[in-house]
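*Asks:* Structure: input_21.cif, mmCIF, N, CA and C atoms.
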```cif
data_my_file
#
loop_
_atom_site.label_atom_id
_atom_site.label_comp_id
_atom_site.auth_asym_id
_atom_site.auth_seq_id
_atom_site.Cartn_x
_atom_site.Cartn_y
_atom_site.Cartn_z
N MET A 1 -38.03 37.59 -19.01
CA MET A 1 -36.73 37.29 -19.54
C MET A 1 -36.85 36.06 -20.44
N ALA A 2 -36.26 36.13 -21.61
CA ALA A 2 -36.32 35.02 -22.56
C ALA A 2 -35.35 33.91 -22.16
N GLN A 3 -35.69 32.72 -22.60
CA GLN A 3 -34.81 31.57 -22.38
C GLN A 3 -34.49 30.96 -23.73
N ILE A 4 -33.27 30.41 -23.84
CA ILE A 4 -32.88 29.71 -25.05
C ILE A 4 -32.31 28.35 -24.65
N THR A 5 -32.30 27.45 -25.60
CA THR A 5 -31.66 26.15 -25.40
C THR A 5 -30.40 26.16 -26.24
N LEU A 6 -29.31 25.78 -25.64
CA LEU A 6 -28.01 25.81 -26.31
C LEU A 6 -27.42 24.41 -26.29
N TYR A 7 -27.13 23.88 -27.45
CA TYR A 7 -26.54 22.55 -27.54
C TYR A 7 -25.04 22.69 -27.79
N ILE A 8 -24.23 22.18 -26.86
CA ILE A 8 -22.78 22.22 -27.01
C ILE A 8 -22.21 20.87 -26.62
N ASP A 9 -21.02 20.58 -27.13
CA ASP A 9 -20.39 19.30 -26.83
C ASP A 9 -19.84 19.31 -25.39
N ASP A 10 -19.48 18.14 -24.91
CA ASP A 10 -19.03 18.00 -23.52
C ASP A 10 -17.78 18.81 -23.21
N ALA A 11 -16.84 18.84 -24.16
CA ALA A 11 -15.59 19.59 -23.92
C ALA A 11 -15.88 21.08 -23.79
N THR A 12 -16.76 21.59 -24.63
CA THR A 12 -17.12 23.01 -24.56
C THR A 12 -17.88 23.30 -23.27
N GLN A 13 -18.75 22.39 -22.87
CA GLN A 13 -19.48 22.55 -21.62
C GLN A 13 -18.52 22.63 -20.44
N ALA A 14 -17.49 21.81 -20.45
CA ALA A 14 -16.51 21.82 -19.36
C ALA A 14 -15.78 23.17 -19.33
N LYS A 15 -15.42 23.68 -20.50
CA LYS A 15 -14.74 24.98 -20.57
C LYS A 15 -15.66 26.10 -20.09
N LEU A 16 -16.92 26.01 -20.47
CA LEU A 16 -17.90 27.01 -20.03
C LEU A 16 -18.04 26.99 -18.52
N ARG A 17 -18.19 25.81 -17.96
CA ARG A 17 -18.35 25.65 -16.51
C ARG A 17 -17.14 26.24 -15.77
N GLU A 18 -15.94 25.93 -16.26
CA GLU A 18 -14.71 26.42 -15.62
C GLU A 18 -14.60 27.94 -15.74
N ALA A 19 -14.86 28.47 -16.93
CA ALA A 19 -14.74 29.92 -17.14
C ALA A 19 -15.75 30.69 -16.28
N ALA A 20 -16.97 30.19 -16.20
CA ALA A 20 -17.99 30.85 -15.37
C ALA A 20 -17.61 30.80 -13.90
N ALA A 21 -17.09 29.65 -13.46
CA ALA A 21 -16.69 29.51 -12.06
C ALA A 21 -15.55 30.46 -11.72
N GLN A 22 -14.60 30.61 -12.63
CA GLN A 22 -13.47 31.52 -12.39
C GLN A 22 -13.95 32.96 -12.21
N ARG A 23 -14.99 33.32 -12.93
CA ARG A 23 -15.53 34.68 -12.84
C ARG A 23 -16.62 34.83 -11.80
N LYS A 24 -16.93 33.70 -11.14
CA LYS A 24 -17.95 33.69 -10.07
C LYS A 24 -19.32 34.16 -10.58
N VAL A 25 -19.69 33.69 -11.78
CA VAL A 25 -21.01 33.96 -12.34
C VAL A 25 -21.60 32.63 -12.80
N SER A 26 -22.91 32.63 -13.03
CA SER A 26 -23.55 31.42 -13.55
C SER A 26 -23.14 31.23 -15.01
N GLN A 27 -23.34 30.03 -15.49
CA GLN A 27 -23.04 29.75 -16.90
C GLN A 27 -23.95 30.59 -17.79
N SER A 28 -25.19 30.75 -17.39
CA SER A 28 -26.13 31.56 -18.15
C SER A 28 -25.65 33.01 -18.23
N GLN A 29 -25.21 33.56 -17.10
CA GLN A 29 -24.70 34.94 -17.08
C GLN A 29 -23.45 35.08 -17.93
N PHE A 30 -22.59 34.07 -17.88
CA PHE A 30 -21.36 34.10 -18.67
C PHE A 30 -21.69 34.17 -20.17
N VAL A 31 -22.61 33.30 -20.63
CA VAL A 31 -23.00 33.29 -22.03
C VAL A 31 -23.69 34.59 -22.42
N ALA A 32 -24.57 35.09 -21.57
CA ALA A 32 -25.26 36.35 -21.85
C ALA A 32 -24.26 37.50 -21.99
N ASP A 33 -23.24 37.53 -21.13
CA ASP A 33 -22.20 38.56 -21.22
C ASP A 33 -21.43 38.46 -22.53
N LEU A 34 -21.12 37.24 -22.97
CA LEU A 34 -20.43 37.05 -24.25
C LEU A 34 -21.27 37.58 -25.41
N ILE A 35 -22.56 37.30 -25.37
CA ILE A 35 -23.45 37.76 -26.43
C ILE A 35 -23.53 39.28 -26.44
N ARG A 36 -23.64 39.89 -25.25
CA ARG A 36 -23.69 41.35 -25.17
C ARG A 36 -22.43 41.96 -25.76
N ARG A 37 -21.26 41.42 -25.38
CA ARG A 37 -20.00 41.97 -25.89
C ARG A 37 -19.88 41.78 -27.40
N ALA A 38 -20.32 40.64 -27.91
CA ALA A 38 -20.20 40.36 -29.33
C ALA A 38 -21.14 41.21 -30.18
N THR A 39 -22.22 41.69 -29.58
CA THR A 39 -23.20 42.46 -30.34
C THR A 39 -23.19 43.95 -30.01
N ASP A 40 -22.31 44.37 -29.11
CA ASP A 40 -22.22 45.77 -28.73
C ASP A 40 -21.57 46.55 -29.88
N ASP A 41 -22.19 47.64 -30.29
CA ASP A 41 -21.64 48.41 -31.39
C ASP A 41 -20.95 49.69 -30.93
N ALA A 42 -20.69 49.81 -29.65
CA ALA A 42 -19.99 50.98 -29.12
C ALA A 42 -18.51 50.63 -28.92
N TRP A 43 -17.68 51.63 -29.07
CA TRP A 43 -16.25 51.43 -28.83
C TRP A 43 -16.02 51.28 -27.33
N PRO A 44 -15.13 50.39 -26.91
CA PRO A 44 -14.81 50.26 -25.49
C PRO A 44 -14.19 51.56 -24.97
N ALA A 45 -14.40 51.85 -23.70
CA ALA A 45 -13.88 53.08 -23.09
C ALA A 45 -12.37 53.20 -23.25
N ALA A 46 -11.65 52.08 -23.17
CA ALA A 46 -10.20 52.12 -23.31
C ALA A 46 -9.79 52.60 -24.70
N VAL A 47 -10.55 52.25 -25.71
CA VAL A 47 -10.25 52.70 -27.07
C VAL A 47 -10.59 54.18 -27.22
N LEU A 48 -11.74 54.59 -26.69
CA LEU A 48 -12.12 56.01 -26.77
C LEU A 48 -11.11 56.90 -26.05
N ALA A 49 -10.53 56.40 -24.98
CA ALA A 49 -9.55 57.18 -24.23
C ALA A 49 -8.29 57.45 -25.04
N LEU A 50 -8.04 56.63 -26.05
CA LEU A 50 -6.85 56.83 -26.88
C LEU A 50 -6.99 58.00 -27.85
N ALA A 51 -8.22 58.39 -28.14
CA ALA A 51 -8.45 59.48 -29.09
C ALA A 51 -7.73 60.74 -28.64
N GLY A 52 -6.89 61.26 -29.50
CA GLY A 52 -6.14 62.47 -29.20
C GLY A 52 -4.95 62.27 -28.29
N SER A 53 -4.61 61.03 -27.97
CA SER A 53 -3.52 60.78 -27.03
C SER A 53 -2.14 60.92 -27.67
N ILE A 54 -2.08 61.04 -28.99
CA ILE A 54 -0.80 61.25 -29.68
C ILE A 54 -0.87 62.65 -30.28
N PRO A 55 -0.31 63.63 -29.61
CA PRO A 55 -0.51 65.03 -30.01
C PRO A 55 0.04 65.37 -31.39
N ASP A 56 1.10 64.74 -31.85
CA ASP A 56 1.70 65.10 -33.13
C ASP A 56 1.25 64.20 -34.27
N PHE A 57 0.23 63.38 -34.05
CA PHE A 57 -0.25 62.48 -35.09
C PHE A 57 -0.87 63.30 -36.21
N PRO A 58 -0.50 63.04 -37.46
CA PRO A 58 -1.03 63.86 -38.56
C PRO A 58 -2.52 63.63 -38.80
N LEU A 59 -3.16 64.65 -39.32
CA LEU A 59 -4.57 64.55 -39.69
C LEU A 59 -4.71 63.70 -40.95
N ALA A 60 -5.91 63.20 -41.20
CA ALA A 60 -6.16 62.36 -42.37
C ALA A 60 -5.77 63.08 -43.65
N GLU A 61 -6.08 64.36 -43.75
CA GLU A 61 -5.74 65.13 -44.95
C GLU A 61 -4.23 65.17 -45.16
N GLU A 62 -3.48 65.28 -44.08
CA GLU A 62 -2.02 65.30 -44.19
C GLU A 62 -1.48 63.94 -44.63
N LEU A 63 -2.09 62.87 -44.12
CA LEU A 63 -1.67 61.53 -44.50
C LEU A 63 -1.95 61.26 -45.98
N ARG A 64 -3.04 61.81 -46.49
CA ARG A 64 -3.44 61.55 -47.87
C ARG A 64 -2.80 62.51 -48.87
N ALA A 65 -2.11 63.53 -48.41
CA ALA A 65 -1.51 64.52 -49.30
C ALA A 65 -0.58 63.81 -50.28
N GLY A 66 -0.72 64.14 -51.54
CA GLY A 66 0.14 63.56 -52.57
C GLY A 66 -0.35 62.23 -53.11
N LEU A 67 -1.40 61.67 -52.54
CA LEU A 67 -1.94 60.42 -53.05
C LEU A 67 -2.99 60.70 -54.12
N ALA A 68 -3.16 59.78 -55.02
CA ALA A 68 -4.20 59.92 -56.04
C ALA A 68 -5.56 59.84 -55.35
N PRO A 69 -6.55 60.51 -55.91
CA PRO A 69 -7.89 60.42 -55.31
C PRO A 69 -8.44 59.00 -55.41
N ASP A 70 -9.33 58.66 -54.50
CA ASP A 70 -9.97 57.34 -54.53
C ASP A 70 -10.76 57.19 -55.83
N PRO A 71 -10.74 56.02 -56.44
CA PRO A 71 -11.55 55.80 -57.65
C PRO A 71 -13.03 55.70 -57.28
N GLU A 72 -13.87 55.93 -58.25
CA GLU A 72 -15.31 55.76 -58.06
C GLU A 72 -15.59 54.30 -57.73
N ARG A 73 -16.55 54.05 -56.87
CA ARG A 73 -16.87 52.69 -56.47
C ARG A 73 -18.31 52.37 -56.85
N ASP A 74 -18.50 51.12 -57.28
CA ASP A 74 -19.86 50.65 -57.53
C ASP A 74 -20.43 50.15 -56.21
N LEU A 75 -21.60 50.62 -55.87
CA LEU A 75 -22.21 50.18 -54.62
C LEU A 75 -23.29 49.20 -54.85
#
```
In structure tokens, what does this structure look like?
*Replies:*
Amino acid sequence: MAQITLYIDDATQAKLREAAAQRKVSQSQFVADLIRRATDDAWPAAVLALAGSIPDFPLAEELRAGLAPDPERDL
């Protein structure tokens, strides 16, 4: 397991200590969890569960009907 050194000010350290204690995890685990969440590229389960939950929601084609086509874009 890799180790890193993290330099933070005293006020931030106090907030970290309190937040980790509230969740009953170590400060290291708390920071590792934050990094995992910040770098996760999957949609949360709660968001995925919303898919299709509005039965009468129009399709993208219906929403775009009558609009001008997108202009060409320079990439």
*Asks:* What is the CA of Ala45 in chain A to CA of Ala60 in chain A distance in Å?
*Replies:* 22.7 Å
*Asks:* What gap, in Å, lies between atom N of Ala2 in chain A and CA of Ala32 in chain A?
*Replies:*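 These two atoms are separated by 11.0 Å.
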*Asks:* From a DSSP calculation on the backbone, collect every residue of chain A in helix (DSSP H, G or I) and output the set as a PyMOL selection string.
*Replies:* chain A and resi 10-22+27-39+45-50+60-64
*Asks:* Could those selected residues go to a file with N, CA and C atoms, as a short mmCIF file (atom, residue, chain, number, x, y, z; two decimals), in the coordinates of the input?
*Replies:*
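Final output, saved to selection10.cif:
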```
data_model
loop_
_atom_site.label_atom_id
_atom_site.label_comp_id
_atom_site.auth_asym_id
_atom_site.auth_seq_id
_atom_site.Cartn_x
_atom_site.Cartn_y
_atom_site.Cartn_z
N ASP A 10 -19.48 18.14 -24.91
CA ASP A 10 -19.03 18.00 -23.52
C ASP A 10 -17.78 18.81 -23.21
N ALA A 11 -16.84 18.84 -24.16
CA ALA A 11 -15.59 19.59 -23.92
C ALA A 11 -15.88 21.08 -23.79
N THR A 12 -16.76 21.59 -24.63
CA THR A 12 -17.12 23.01 -24.56
C THR A 12 -17.88 23.30 -23.27
N GLN A 13 -18.75 22.39 -22.87
CA GLN A 13 -19.48 22.55 -21.62
C GLN A 13 -18.52 22.63 -20.44
N ALA A 14 -17.49 21.81 -20.45
CA ALA A 14 -16.51 21.82 -19.36
C ALA A 14 -15.78 23.17 -19.33
N LYS A 15 -15.42 23.68 -20.50
CA LYS A 15 -14.74 24.98 -20.57
C LYS A 15 -15.66 26.10 -20.09
N LEU A 16 -16.92 26.01 -20.47
CA LEU A 16 -17.90 27.01 -20.03
C LEU A 16 -18.04 26.99 -18.52
N ARG A 17 -18.19 25.81 -17.96
CA ARG A 17 -18.35 25.65 -16.51
C ARG A 17 -17.14 26.24 -15.77
N GLU A 18 -15.94 25.93 -16.26
CA GLU A 18 -14.71 26.42 -15.62
C GLU A 18 -14.60 27.94 -15.74
N ALA A 19 -14.86 28.47 -16.93
CA ALA A 19 -14.74 29.92 -17.14
C ALA A 19 -15.75 30.69 -16.28
N ALA A 20 -16.97 30.19 -16.20
CA ALA A 20 -17.99 30.85 -15.37
C ALA A 20 -17.61 30.80 -13.90
N ALA A 21 -17.09 29.65 -13.46
CA ALA A 21 -16.69 29.51 -12.06
C ALA A 21 -15.55 30.46 -11.72
N GLN A 22 -14.60 30.61 -12.63
CA GLN A 22 -13.47 31.52 -12.39
C GLN A 22 -13.95 32.96 -12.21
N GLN A 27 -23.34 30.03 -15.49
CA GLN A 27 -23.04 29.75 -16.90
C GLN A 27 -23.95 30.59 -17.79
N SER A 28 -25.19 30.75 -17.39
CA SER A 28 -26.13 31.56 -18.15
C SER A 28 -25.65 33.01 -18.23
N GLN A 29 -25.21 33.56 -17.10
CA GLN A 29 -24.70 34.94 -17.08
C GLN A 29 -23.45 35.08 -17.93
N PHE A 30 -22.59 34.07 -17.88
CA PHE A 30 -21.36 34.10 -18.67
C PHE A 30 -21.69 34.17 -20.17
N VAL A 31 -22.61 33.30 -20.63
CA VAL A 31 -23.00 33.29 -22.03
C VAL A 31 -23.69 34.59 -22.42
N ALA A 32 -24.57 35.09 -21.57
CA ALA A 32 -25.26 36.35 -21.85
C ALA A 32 -24.26 37.50 -21.99
N ASP A 33 -23.24 37.53 -21.13
CA ASP A 33 -22.20 38.56 -21.22
C ASP A 33 -21.43 38.46 -22.53
N LEU A 34 -21.12 37.24 -22.97
CA LEU A 34 -20.43 37.05 -24.25
C LEU A 34 -21.27 37.58 -25.41
N ILE A 35 -22.56 37.30 -25.37
CA ILE A 35 -23.45 37.76 -26.43
C ILE A 35 -23.53 39.28 -26.44
N ARG A 36 -23.64 39.89 -25.25
CA ARG A 36 -23.69 41.35 -25.17
C ARG A 36 -22.43 41.96 -25.76
N ARG A 37 -21.26 41.42 -25.38
CA ARG A 37 -20.00 41.97 -25.89
C ARG A 37 -19.88 41.78 -27.40
N ALA A 38 -20.32 40.64 -27.91
CA ALA A 38 -20.20 40.36 -29.33
C ALA A 38 -21.14 41.21 -30.18
N THR A 39 -22.22 41.69 -29.58
CA THR A 39 -23.20 42.46 -30.34
C THR A 39 -23.19 43.95 -30.01
N ALA A 45 -14.40 51.85 -23.70
CA ALA A 45 -13.88 53.08 -23.09
C ALA A 45 -12.37 53.20 -23.25
N ALA A 46 -11.65 52.08 -23.17
CA ALA A 46 -10.20 52.12 -23.31
C ALA A 46 -9.79 52.60 -24.70
N VAL A 47 -10.55 52.25 -25.71
CA VAL A 47 -10.25 52.70 -27.07
C VAL A 47 -10.59 54.18 -27.22
N LEU A 48 -11.74 54.59 -26.69
CA LEU A 48 -12.12 56.01 -26.77
C LEU A 48 -11.11 56.90 -26.05
N ALA A 49 -10.53 56.40 -24.98
CA ALA A 49 -9.55 57.18 -24.23
C ALA A 49 -8.29 57.45 -25.04
N LEU A 50 -8.04 56.63 -26.05
CA LEU A 50 -6.85 56.83 -26.88
C LEU A 50 -6.99 58.00 -27.85
N ALA A 60 -5.91 63.20 -41.20
CA ALA A 60 -6.16 62.36 -42.37
C ALA A 60 -5.77 63.08 -43.65
N GLU A 61 -6.08 64.36 -43.75
CA GLU A 61 -5.74 65.13 -44.95
C GLU A 61 -4.23 65.17 -45.16
N GLU A 62 -3.48 65.28 -44.08
CA GLU A 62 -2.02 65.30 -44.19
C GLU A 62 -1.48 63.94 -44.63
N LEU A 63 -2.09 62.87 -44.12
CA LEU A 63 -1.67 61.53 -44.50
C LEU A 63 -1.95 61.26 -45.98
N ARG A 64 -3.04 61.81 -46.49
CA ARG A 64 -3.44 61.55 -47.87
C ARG A 64 -2.80 62.51 -48.87
#
```
*Asks:* For a test of reading the model, state the distance in Å between atom N of Lys24 in chain A and atom N of Arg37 in chain A, rounded to one decimal.
*Replies:*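 Between atom N of Lys24 in chain A and atom N of Arg37 in chain A the gap works out to 16.8 Å.
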*Asks:* Within 6 Å of (-19.5, 33.8, -21.7) in the file's own coordinates, which protein, DNA or RNA residues have an atom, counting only N, CA and C atoms? List them as a list in words.
*Replies:*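 The distance filter leaves exactly Gln29, Phe30, Val31, Ala32, Asp33, Leu34 and Ile35 of chain A.
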*Asks:* Determine the nearest neighbour of Ile4 in chain A from the options A:Ser28, A:Gln22, A:Ala46, A:Pro58, counting only C-alpha atoms.
*Replies:* A:Ser28
*Asks:* Restricting the calculation to only C-alpha atoms: of A:Met1, A:Ala42, A:Ala51, A:Leu6, which residue gets closest to Gln27 in chain A?
*Replies:* A:Leu6
